[in-house]
>>> print(open('run-v3.tsv').read())   # TSV, C-alpha atoms
chain	number	residue	atom	x	y	z
N	1	MET	CA	103.35	65.03	92.34
N	2	VAL	CA	100.33	66.93	90.97
N	3	SER	CA	96.89	65.46	91.58
N	4	ASP	CA	93.43	66.54	90.52
N	5	GLU	CA	91.18	67.71	93.36
N	6	PRO	CA	87.51	67.95	92.29
N	7	ASP	CA	86.77	70.51	94.99
N	8	LEU	CA	89.33	72.84	93.38
N	9	ARG	CA	87.52	73.04	90.05
N	10	ALA	CA	85.04	75.61	91.38
N	11	ILE	CA	87.93	77.55	92.92
N	12	GLU	CA	89.71	77.63	89.55
N	13	GLU	CA	86.57	78.79	87.74
N	14	GLU	CA	86.17	81.60	90.27
N	15	MET	CA	89.82	82.65	90.07
N	16	ARG	CA	89.62	82.84	86.28
N	17	THR	CA	87.15	85.71	86.70
N	18	TRP	CA	89.67	87.74	88.72
N	19	PRO	CA	91.43	90.46	86.70
N	20	ASN	CA	94.72	89.83	88.54
N	21	PHE	CA	94.59	86.11	87.66
N	22	GLN	CA	93.83	86.92	84.03
N	23	ALA	CA	96.78	89.31	83.88
N	24	PHE	CA	98.98	86.76	85.63
N	25	GLU	CA	98.16	84.02	83.12
N	26	ALA	CA	98.60	86.41	80.21
N	27	TYR	CA	102.19	86.98	81.35
N	28	PHE	CA	102.98	83.26	81.06
N	29	GLY	CA	100.84	82.52	78.02
N	30	PRO	CA	97.30	81.30	77.18
N	31	SER	CA	96.12	78.28	79.18
N	32	SER	CA	99.42	78.20	81.09
N	33	CYS	CA	97.92	78.28	84.59
N	34	SER	CA	95.73	75.81	86.45
N	35	ILE	CA	94.77	75.04	90.05
N	36	ALA	CA	95.86	71.69	91.47
N	37	CYS	CA	97.00	69.95	94.63
N	38	VAL	CA	100.78	69.61	94.63
N	39	GLU	CA	102.92	67.33	96.79
N	40	ILE	CA	105.07	69.52	99.01
N	41	ALA	CA	108.23	67.55	99.78
N	42	PRO	CA	109.53	66.90	96.21
N	43	LEU	CA	109.16	70.53	95.10
N	44	LEU	CA	112.47	71.93	93.89
N	45	VAL	CA	113.60	75.11	95.61
N	46	ALA	CA	115.26	78.12	93.99
N	47	GLN	CA	115.56	80.00	97.27
N	48	ILE	CA	118.15	79.16	99.87
N	49	HIS	CA	116.29	80.19	103.02
N	50	VAL	CA	113.03	80.45	104.92
N	51	LEU	CA	112.51	82.30	108.19
N	52	ALA	CA	112.41	79.68	110.94
N	53	ASP	CA	109.95	81.58	113.16
N	54	ALA	CA	107.46	81.99	110.31
N	55	ALA	CA	107.77	78.35	109.26
N	56	ARG	CA	107.14	77.09	112.80
N	57	LYS	CA	104.01	79.11	113.55
N	58	PRO	CA	101.17	76.80	114.67
N	59	LEU	CA	98.16	76.28	112.43
N	60	GLU	CA	94.53	76.29	113.55
N	61	SER	CA	93.37	74.03	110.73
N	62	THR	CA	94.80	72.02	107.85
N	63	GLY	CA	91.49	71.17	106.17
N	64	LEU	CA	91.04	71.86	102.46
N	65	ALA	CA	89.00	75.04	103.04
N	66	ALA	CA	91.73	76.43	105.31
N	67	LEU	CA	94.44	75.44	102.82
N	68	VAL	CA	92.60	77.17	99.98
N	69	ALA	CA	92.22	80.33	102.06
N	70	ARG	CA	95.91	80.23	102.99
N	71	CYS	CA	97.42	79.23	99.64
N	72	LEU	CA	95.06	80.84	97.12
N	73	ARG	CA	93.90	83.95	98.92
N	74	SER	CA	92.83	86.66	96.52
N	75	GLU	CA	93.92	89.88	98.18
N	76	VAL	CA	97.36	91.41	97.79
N	77	ASN	CA	98.09	93.19	101.08
N	78	HIS	CA	101.70	94.22	101.41
N	79	GLY	CA	101.11	96.64	104.28
N	80	PRO	CA	102.59	100.12	104.66
N	81	ALA	CA	106.08	100.96	103.50
N	82	ASP	CA	108.63	103.12	105.31
N	83	ILE	CA	109.35	106.22	103.20
N	84	GLN	CA	112.26	108.56	103.87
N	85	GLY	CA	112.78	111.73	101.82
N	86	GLY	CA	115.84	113.75	100.91
N	87	PRO	CA	116.96	116.28	98.29
N	88	GLY	CA	115.91	114.85	94.94
N	89	ARG	CA	115.22	111.36	96.22
N	90	LEU	CA	112.90	109.04	98.09
N	91	THR	CA	113.99	105.82	99.75
N	92	ILE	CA	111.27	103.22	100.28
N	93	THR	CA	111.87	100.13	102.41
N	94	HIS	CA	109.50	97.21	102.90
N	95	PRO	CA	109.83	93.81	104.63
N	96	ASP	CA	108.04	92.01	101.76
N	97	LEU	CA	110.60	91.07	99.11
N	98	ASN	CA	107.79	90.62	96.56
N	99	VAL	CA	107.24	94.38	96.47
N	100	ARG	CA	108.45	95.96	93.24
N	101	ALA	CA	108.43	99.45	91.73
N	102	GLY	CA	106.98	99.97	88.31
N	103	PRO	CA	107.46	99.26	85.54
N	104	ALA	CA	105.14	102.24	85.04
N	105	GLY	CA	104.60	105.29	87.17
N	106	GLY	CA	101.47	107.20	87.99
N	107	TRP	CA	100.11	110.52	89.06
N	108	SER	CA	97.13	111.90	90.95
N	109	GLU	CA	95.86	115.26	92.16
N	110	HIS	CA	96.06	115.93	95.89
N	111	ASN	CA	95.19	119.18	97.67
N	112	GLY	CA	95.72	121.23	94.53
N	113	ALA	CA	99.06	119.61	93.69
N	114	VAL	CA	99.99	116.73	91.41
N	115	LEU	CA	101.64	113.66	92.95
N	116	VAL	CA	103.94	111.80	90.59
N	117	GLY	CA	105.87	108.64	91.44
N	118	ALA	CA	106.51	104.96	90.92
N	119	LEU	CA	103.70	102.50	91.51
N	120	LEU	CA	104.57	99.84	94.08
N	121	SER	CA	103.17	96.42	93.35
N	122	GLY	CA	104.08	92.79	93.88
N	123	SER	CA	103.60	89.23	92.83
N	124	PRO	CA	100.15	87.76	93.58
N	125	PRO	CA	100.26	86.03	96.97
N	126	TRP	CA	99.16	82.60	95.76
N	127	VAL	CA	101.38	79.57	96.22
N	128	GLN	CA	102.90	79.19	92.76
N	129	VAL	CA	104.54	76.08	91.32
N	130	MET	CA	106.26	76.23	87.95
N	131	ASN	CA	106.26	73.12	85.76
N	132	LEU	CA	109.43	73.82	83.80
N	133	GLY	CA	109.91	70.96	81.37
N	134	GLY	CA	108.71	68.39	83.89
N	135	ARG	CA	110.63	69.88	86.83
N	136	PHE	CA	108.28	71.27	89.49
N	137	ILE	CA	109.84	74.32	91.14
N	138	LEU	CA	108.27	76.34	93.93
N	139	ARG	CA	108.06	79.92	92.65
N	140	ASN	CA	106.20	81.56	95.54
N	141	GLY	CA	104.99	80.44	98.98
N	142	TYR	CA	108.13	79.02	100.60
N	143	HIS	CA	107.22	79.80	104.20
N	144	ARG	CA	103.70	78.41	103.80
N	145	ALA	CA	104.94	75.24	102.12
N	146	VAL	CA	107.48	74.55	104.88
N	147	GLN	CA	105.04	75.47	107.64
N	148	LEU	CA	102.36	73.17	106.27
N	149	GLY	CA	104.86	70.39	105.66
N	150	LEU	CA	106.06	70.62	109.26
N	151	ALA	CA	102.40	70.39	110.34
N	152	GLY	CA	102.02	67.07	108.53
N	153	VAL	CA	100.30	68.32	105.37
N	154	THR	CA	101.53	66.42	102.29
N	155	HIS	CA	99.73	68.27	99.46
N	156	ILE	CA	98.74	71.92	99.06
N	157	PRO	CA	96.57	73.76	96.53
N	158	ALA	CA	98.64	75.93	94.20
N	159	VAL	CA	98.62	77.81	90.93
N	160	VAL	CA	100.57	75.50	88.60
N	161	ILE	CA	102.32	77.34	85.76
N	162	THR	CA	103.36	75.27	82.75
N	163	THR	CA	106.06	76.91	80.65
N	164	ASP	CA	109.35	76.26	78.89
N	165	ASP	CA	110.63	79.78	79.57
N	166	ALA	CA	113.09	79.52	82.47
N	167	THR	CA	113.38	83.31	82.71
N	168	LYS	CA	109.79	83.42	84.00
N	169	LEU	CA	110.99	81.78	87.21
N	170	GLU	CA	112.52	85.20	87.96
N	171	VAL	CA	115.09	84.04	90.49
N	172	ALA	CA	118.31	86.04	90.50
N	173	GLY	CA	121.62	84.50	91.53
N	174	PHE	CA	120.43	80.89	91.87
N	175	PRO	CA	122.36	78.65	89.43
N	176	ASP	CA	120.23	76.37	87.27
N	177	ALA	CA	122.93	73.70	87.57
N	178	VAL	CA	121.98	73.27	91.24
N	179	LEU	CA	118.41	72.40	90.26
N	180	ARG	CA	119.66	69.92	87.66
N	181	GLN	CA	122.10	68.03	89.88
N	182	GLN	CA	121.47	64.44	90.93
N	183	ALA	CA	120.15	65.39	94.39
N	184	PRO	CA	118.72	68.92	93.99
N	185	PRO	CA	117.44	70.92	96.98
N	186	THR	CA	113.76	70.40	97.77
N	187	ILE	CA	111.19	71.56	100.29
N	188	GLY	CA	111.64	68.14	101.86
N	189	HIS	CA	115.11	69.16	103.04
N	190	PHE	CA	113.53	71.95	105.11
N	191	ILE	CA	110.76	69.72	106.43
N	192	ARG	CA	113.07	66.84	107.39
N	193	GLY	CA	115.53	69.13	109.17
N	194	GLN	CA	118.24	68.69	106.54
N	195	ALA	CA	118.68	72.43	106.09
N	196	THR	CA	121.21	74.30	108.20
N	197	GLU	CA	119.75	76.81	110.66
N	198	LEU	CA	121.66	80.08	110.81
N	199	ASP	CA	121.29	83.29	112.78
N	200	VAL	CA	121.52	85.84	109.98
N	201	TYR	CA	120.25	89.28	109.15
N	202	GLU	CA	116.73	89.63	107.82
N	203	ILE	CA	116.40	91.14	104.34
N	204	GLU	CA	114.08	93.91	103.21
N	205	ARG	CA	113.24	95.44	99.85
N	206	VAL	CA	114.76	98.88	99.13
N	207	VAL	CA	113.43	101.07	96.31
N	208	GLU	CA	115.16	104.37	95.57
N	209	ILE	CA	113.51	107.03	93.44
N	210	ARG	CA	115.62	109.97	92.27
N	211	TRP	CA	114.84	113.05	90.20
N	212	THR	CA	116.46	116.20	88.91
N	213	GLU	CA	115.08	119.58	87.88
N	214	SER	CA	116.27	121.65	84.92
N	215	GLN	CA	115.04	123.96	82.19
N	216	ARG	CA	115.20	123.57	78.43
N	217	ARG	CA	114.23	125.68	75.46
N	218	LYS	CA	110.92	124.85	73.83
N	219	ARG	CA	110.95	124.47	70.08
>>> encode(input="run-v3.tsv", output="C-alpha cells")
Amino acid sequence: MVSDEPDLRAIEEEMRTWPNFQAFEAYFGPSSCSIACVEIAPLLVAQIHVLADAARKPLESTGLAALVARCLRSEVNHGPADIQGGPGRLTITHPDLNVRAGPAGGWSEHNGAVLVGALLSGSPPWVQVMNLGGRFILRNGYHRAVQLGLAGVTHIPAVVITTDDATKLEVAGFPDAVLRQQAPPTIGHFIRGQATELDVYEIERVVEIRWTESQRRKR
C-alpha cells in the first residue's frame, strides 16, 4: 500500500524545515511522520461522505509534480469567515470543517483599543494517512483522494503518520468497530461507485464566543 518514491525524499527534507510540519510531528511523537506514495483505493475511511461536485472536478495534470503541489501544499488558506455580532457574543461560521478555535486566545492593539479573542486555526492541508497498528486510515484529504482516484490515479503522495494512539485520528462519532469489520469502508467504494449518492445539506463550522462583564473587589 505504501511505496517509496525517490523523488519525494527531497520534498520530505524540505518539509522538515517547515515550522508547521515540525509542530505537526511533535503532536504525534518523534519520527512519527514521513512522506510516501500511498495507494488510494484500499485506504480505510472514517468519514461517511464527500461532496460529489468537488470530487468530480476535472484535473489539468496528474503528474508527480502536480500531485505534490495538490497533496502536500504548504500554505494553510482557509479564506474569510462570516462573523455576526450580538450582545456578549460572536458567531463565526466557515465552510471549512477543519477550522477550529483555540485552544489559546490572543490579543492585539488596533486604533488605540485592544482586540481580544479566540485564534482560528486548522489542520495542515496535506493529505494525511494514519498507520494505526497496520491499518491505513485516511485522516485528511478525502475529496482529493476520491477526485484523483476517479481520474485514474492509483497512488498519491501523503504525510504518513505512524502511531498506536487511536485518539489522534480525531474523528468524532465514527465507530471503530466499522473500521475493524470484515469488509470495512474504503476510498475504493467511492471510486467504484459503491457509495450511495444523496442530496443532503452541506455542513459548515460554527464557532460561538461569549463573554460577560462584571466587577470584583481587588485584594
>>> atom_distance(input="run-v3.tsv", atom1="atom CA of Leu169 of chain N", atom2="atom CA of Pro30 of chain N")
17.0 Å
>>> residues_around(input="run-v3.tsv", residues="Arg144 of chain N", least_positions_apart="3", cutoff="10 Å", atoms="all atoms listed in the file", output="PyMOL selection string")
chain N and resi 50+54-57+67+70-71+127+140-141+147-150+156
>>> atom_distance(input="run-v3.tsv", atom1="atom CA of Ile48 of chain N", atom2="atom CA of Pro125 of chain N")
19.4 Å
>>> atom_distance(input="run-v3.tsv", atom1="atom CA of Asp165 of chain N", atom2="atom CA of Tyr27 of chain N")
11.2 Å
>>> closest_residue(input="run-v3.tsv", among="N:Gln47, N:Ser61, N:Thr91, N:Ser123", to="Pro185 of chain N", atoms="only C-alpha atoms")
N:Gln47
>>> axis_aligned_box(input="run-v3.tsv", around="segment 14-19 of chain N", padding_each_side="8 Å", output="JSON")
{"center_x": 88.8, "center_y": 86.0, "center_z": 88.3, "size_x": 21.3, "size_y": 24.9, "size_z": 20.0}
>>> residues_around(input="run-v3.tsv", residues="segment 12-22 of chain N", least_positions_apart="5", cutoff="8 Å", atoms="all atoms listed in the file", output="list of chain:residue names")
N:Ser34, N:Ile35, N:Pro124
>>> residues_near_point(input="run-v3.tsv", point="(113.9, 69.3, 105.8)", cutoff="12 Å", atoms="all atoms listed in the file", output="MDAnalysis selection string")
chainID N and resid 40:43 45 49:50 52 55 145:147 149:150 185:197
>>> closest_residue(input="run-v3.tsv", among="N:Gln181, N:Gly86, N:Leu132, N:Pro6", to="Ile161 of chain N", atoms="all atoms listed in the file")
N:Leu132
>>> closest_residue(input="run-v3.tsv", among="N:Ser214, N:Tyr201, N:Met130, N:Val178", to="Cys33 of chain N", atoms="all atoms listed in the file")
N:Met130
>>> closest_residue(input="run-v3.tsv", among="N:Leu51, N:Val99, N:Leu8, N:Val171", to="Ala69 of chain N", atoms="all atoms listed in the file")
N:Leu8
>>> decode(input="run-v3.tsv", residues="segment 19-133 of chain N", atoms="C-alpha atoms", output="short mmCIF file (atom, residue, chain, number, x, y, z; two decimals), in the first residue's frame")
data_model
loop_
_atom_site.label_atom_id
_atom_site.label_comp_id
_atom_site.auth_asym_id
_atom_site.auth_seq_id
_atom_site.Cartn_x
_atom_site.Cartn_y
_atom_site.Cartn_z
CA PRO N 19 7.73 25.09 11.46
CA ASN N 20 4.17 23.83 10.90
CA PHE N 21 5.46 20.37 9.91
CA GLN N 22 7.74 20.27 12.96
CA ALA N 23 4.83 21.19 15.23
CA PHE N 24 2.62 18.64 13.49
CA GLU N 25 5.11 15.81 14.02
CA ALA N 26 5.70 16.85 17.62
CA TYR N 27 1.99 16.31 18.27
CA PHE N 28 2.21 12.67 17.15
CA GLY N 29 5.67 11.94 18.51
CA PRO N 30 9.32 11.98 17.34
CA SER N 31 9.94 10.40 13.93
CA SER N 32 6.23 9.63 13.56
CA CYS N 33 5.75 11.33 10.18
CA SER N 34 7.18 10.57 6.76
CA ILE N 35 6.36 11.34 3.12
CA ALA N 36 5.42 8.42 0.89
CA CYS N 37 3.24 7.42 -2.04
CA VAL N 38 0.11 5.67 -0.79
CA GLU N 39 -2.30 3.50 -2.77
CA ILE N 40 -5.65 5.26 -2.81
CA ALA N 41 -8.31 2.56 -3.14
CA PRO N 42 -7.52 0.42 -0.03
CA LEU N 43 -7.39 3.40 2.35
CA LEU N 44 -9.87 2.99 5.18
CA VAL N 45 -12.32 5.85 5.61
CA ALA N 46 -13.52 7.35 8.88
CA GLN N 47 -15.78 9.86 7.16
CA ILE N 48 -19.09 8.91 5.62
CA HIS N 49 -19.28 11.47 2.82
CA VAL N 50 -17.52 13.52 0.18
CA LEU N 51 -19.07 16.31 -1.87
CA ALA N 52 -19.81 14.89 -5.31
CA ASP N 53 -19.22 18.16 -7.19
CA ALA N 54 -15.78 18.62 -5.60
CA ALA N 55 -14.79 15.01 -6.25
CA ARG N 56 -15.75 15.21 -9.93
CA LYS N 57 -13.89 18.41 -10.82
CA PRO N 58 -11.58 17.81 -13.81
CA LEU N 59 -7.82 17.85 -13.33
CA GLU N 60 -5.31 19.59 -15.58
CA SER N 61 -2.48 17.21 -14.71
CA THR N 62 -1.86 14.04 -12.73
CA GLY N 63 1.94 14.06 -12.96
CA LEU N 64 4.03 13.73 -9.80
CA ALA N 65 4.82 17.46 -9.61
CA ALA N 66 1.10 18.30 -9.84
CA LEU N 67 0.25 15.65 -7.24
CA VAL N 68 2.86 17.02 -4.84
CA ALA N 69 1.52 20.55 -5.27
CA ARG N 70 -2.04 19.32 -4.71
CA CYS N 71 -1.47 16.87 -1.86
CA LEU N 72 1.46 18.42 0.03
CA ARG N 73 0.91 22.13 -0.48
CA SER N 74 2.46 24.18 2.28
CA GLU N 75 0.07 27.07 2.76
CA VAL N 76 -2.96 26.97 5.03
CA ASN N 77 -5.56 29.23 3.41
CA HIS N 78 -8.98 28.84 4.94
CA GLY N 79 -10.39 32.04 3.45
CA PRO N 80 -12.53 34.63 5.23
CA ALA N 81 -15.08 33.68 7.85
CA ASP N 82 -18.57 35.13 8.28
CA ILE N 83 -18.76 36.92 11.64
CA GLN N 84 -22.02 38.05 13.21
CA GLY N 85 -22.08 40.00 16.48
CA GLY N 86 -24.63 40.32 19.25
CA PRO N 87 -24.79 41.31 22.93
CA GLY N 88 -21.96 39.46 24.64
CA ARG N 89 -21.31 37.06 21.79
CA LEU N 90 -19.80 36.49 18.37
CA THR N 91 -20.89 33.75 16.00
CA ILE N 92 -18.33 32.69 13.40
CA THR N 93 -19.27 30.39 10.52
CA HIS N 94 -16.91 28.90 7.95
CA PRO N 95 -17.37 26.33 5.15
CA ASP N 96 -14.07 24.59 6.03
CA LEU N 97 -14.73 21.98 8.73
CA ASN N 98 -11.01 21.91 9.56
CA VAL N 99 -11.25 25.38 11.10
CA ARG N 100 -11.00 25.32 14.88
CA ALA N 101 -10.94 27.92 17.65
CA GLY N 102 -8.13 27.90 20.13
CA PRO N 103 -7.02 26.27 22.26
CA ALA N 104 -5.41 29.61 23.13
CA GLY N 105 -6.63 33.12 22.54
CA GLY N 106 -4.77 36.23 21.56
CA TRP N 107 -4.82 39.98 21.66
CA SER N 108 -3.51 42.90 19.61
CA GLU N 109 -3.72 46.68 19.65
CA HIS N 110 -5.87 48.31 16.98
CA ASN N 111 -6.67 52.01 16.65
CA GLY N 112 -5.98 52.66 20.31
CA ALA N 113 -8.06 49.71 21.52
CA VAL N 114 -7.13 46.15 22.45
CA LEU N 115 -8.67 43.30 20.45
CA VAL N 116 -9.07 40.08 22.39
CA GLY N 117 -10.49 36.84 21.01
CA ALA N 118 -10.03 33.22 20.04
CA LEU N 119 -7.45 32.33 17.43
CA LEU N 120 -8.92 30.44 14.48
CA SER N 121 -6.68 27.78 13.04
CA GLY N 122 -6.98 24.42 11.33
CA SER N 123 -5.34 21.18 10.42
CA PRO N 124 -2.50 21.44 7.88
CA PRO N 125 -3.91 20.91 4.39
CA TRP N 126 -1.70 17.97 3.45
CA VAL N 127 -3.19 14.62 2.55
CA GLN N 128 -2.69 12.66 5.77
CA VAL N 129 -2.73 8.88 6.17
CA MET N 130 -2.55 7.34 9.63
CA ASN N 131 -0.84 3.97 10.04
CA LEU N 132 -2.69 2.77 13.13
CA GLY N 133 -1.32 -0.64 14.02
#
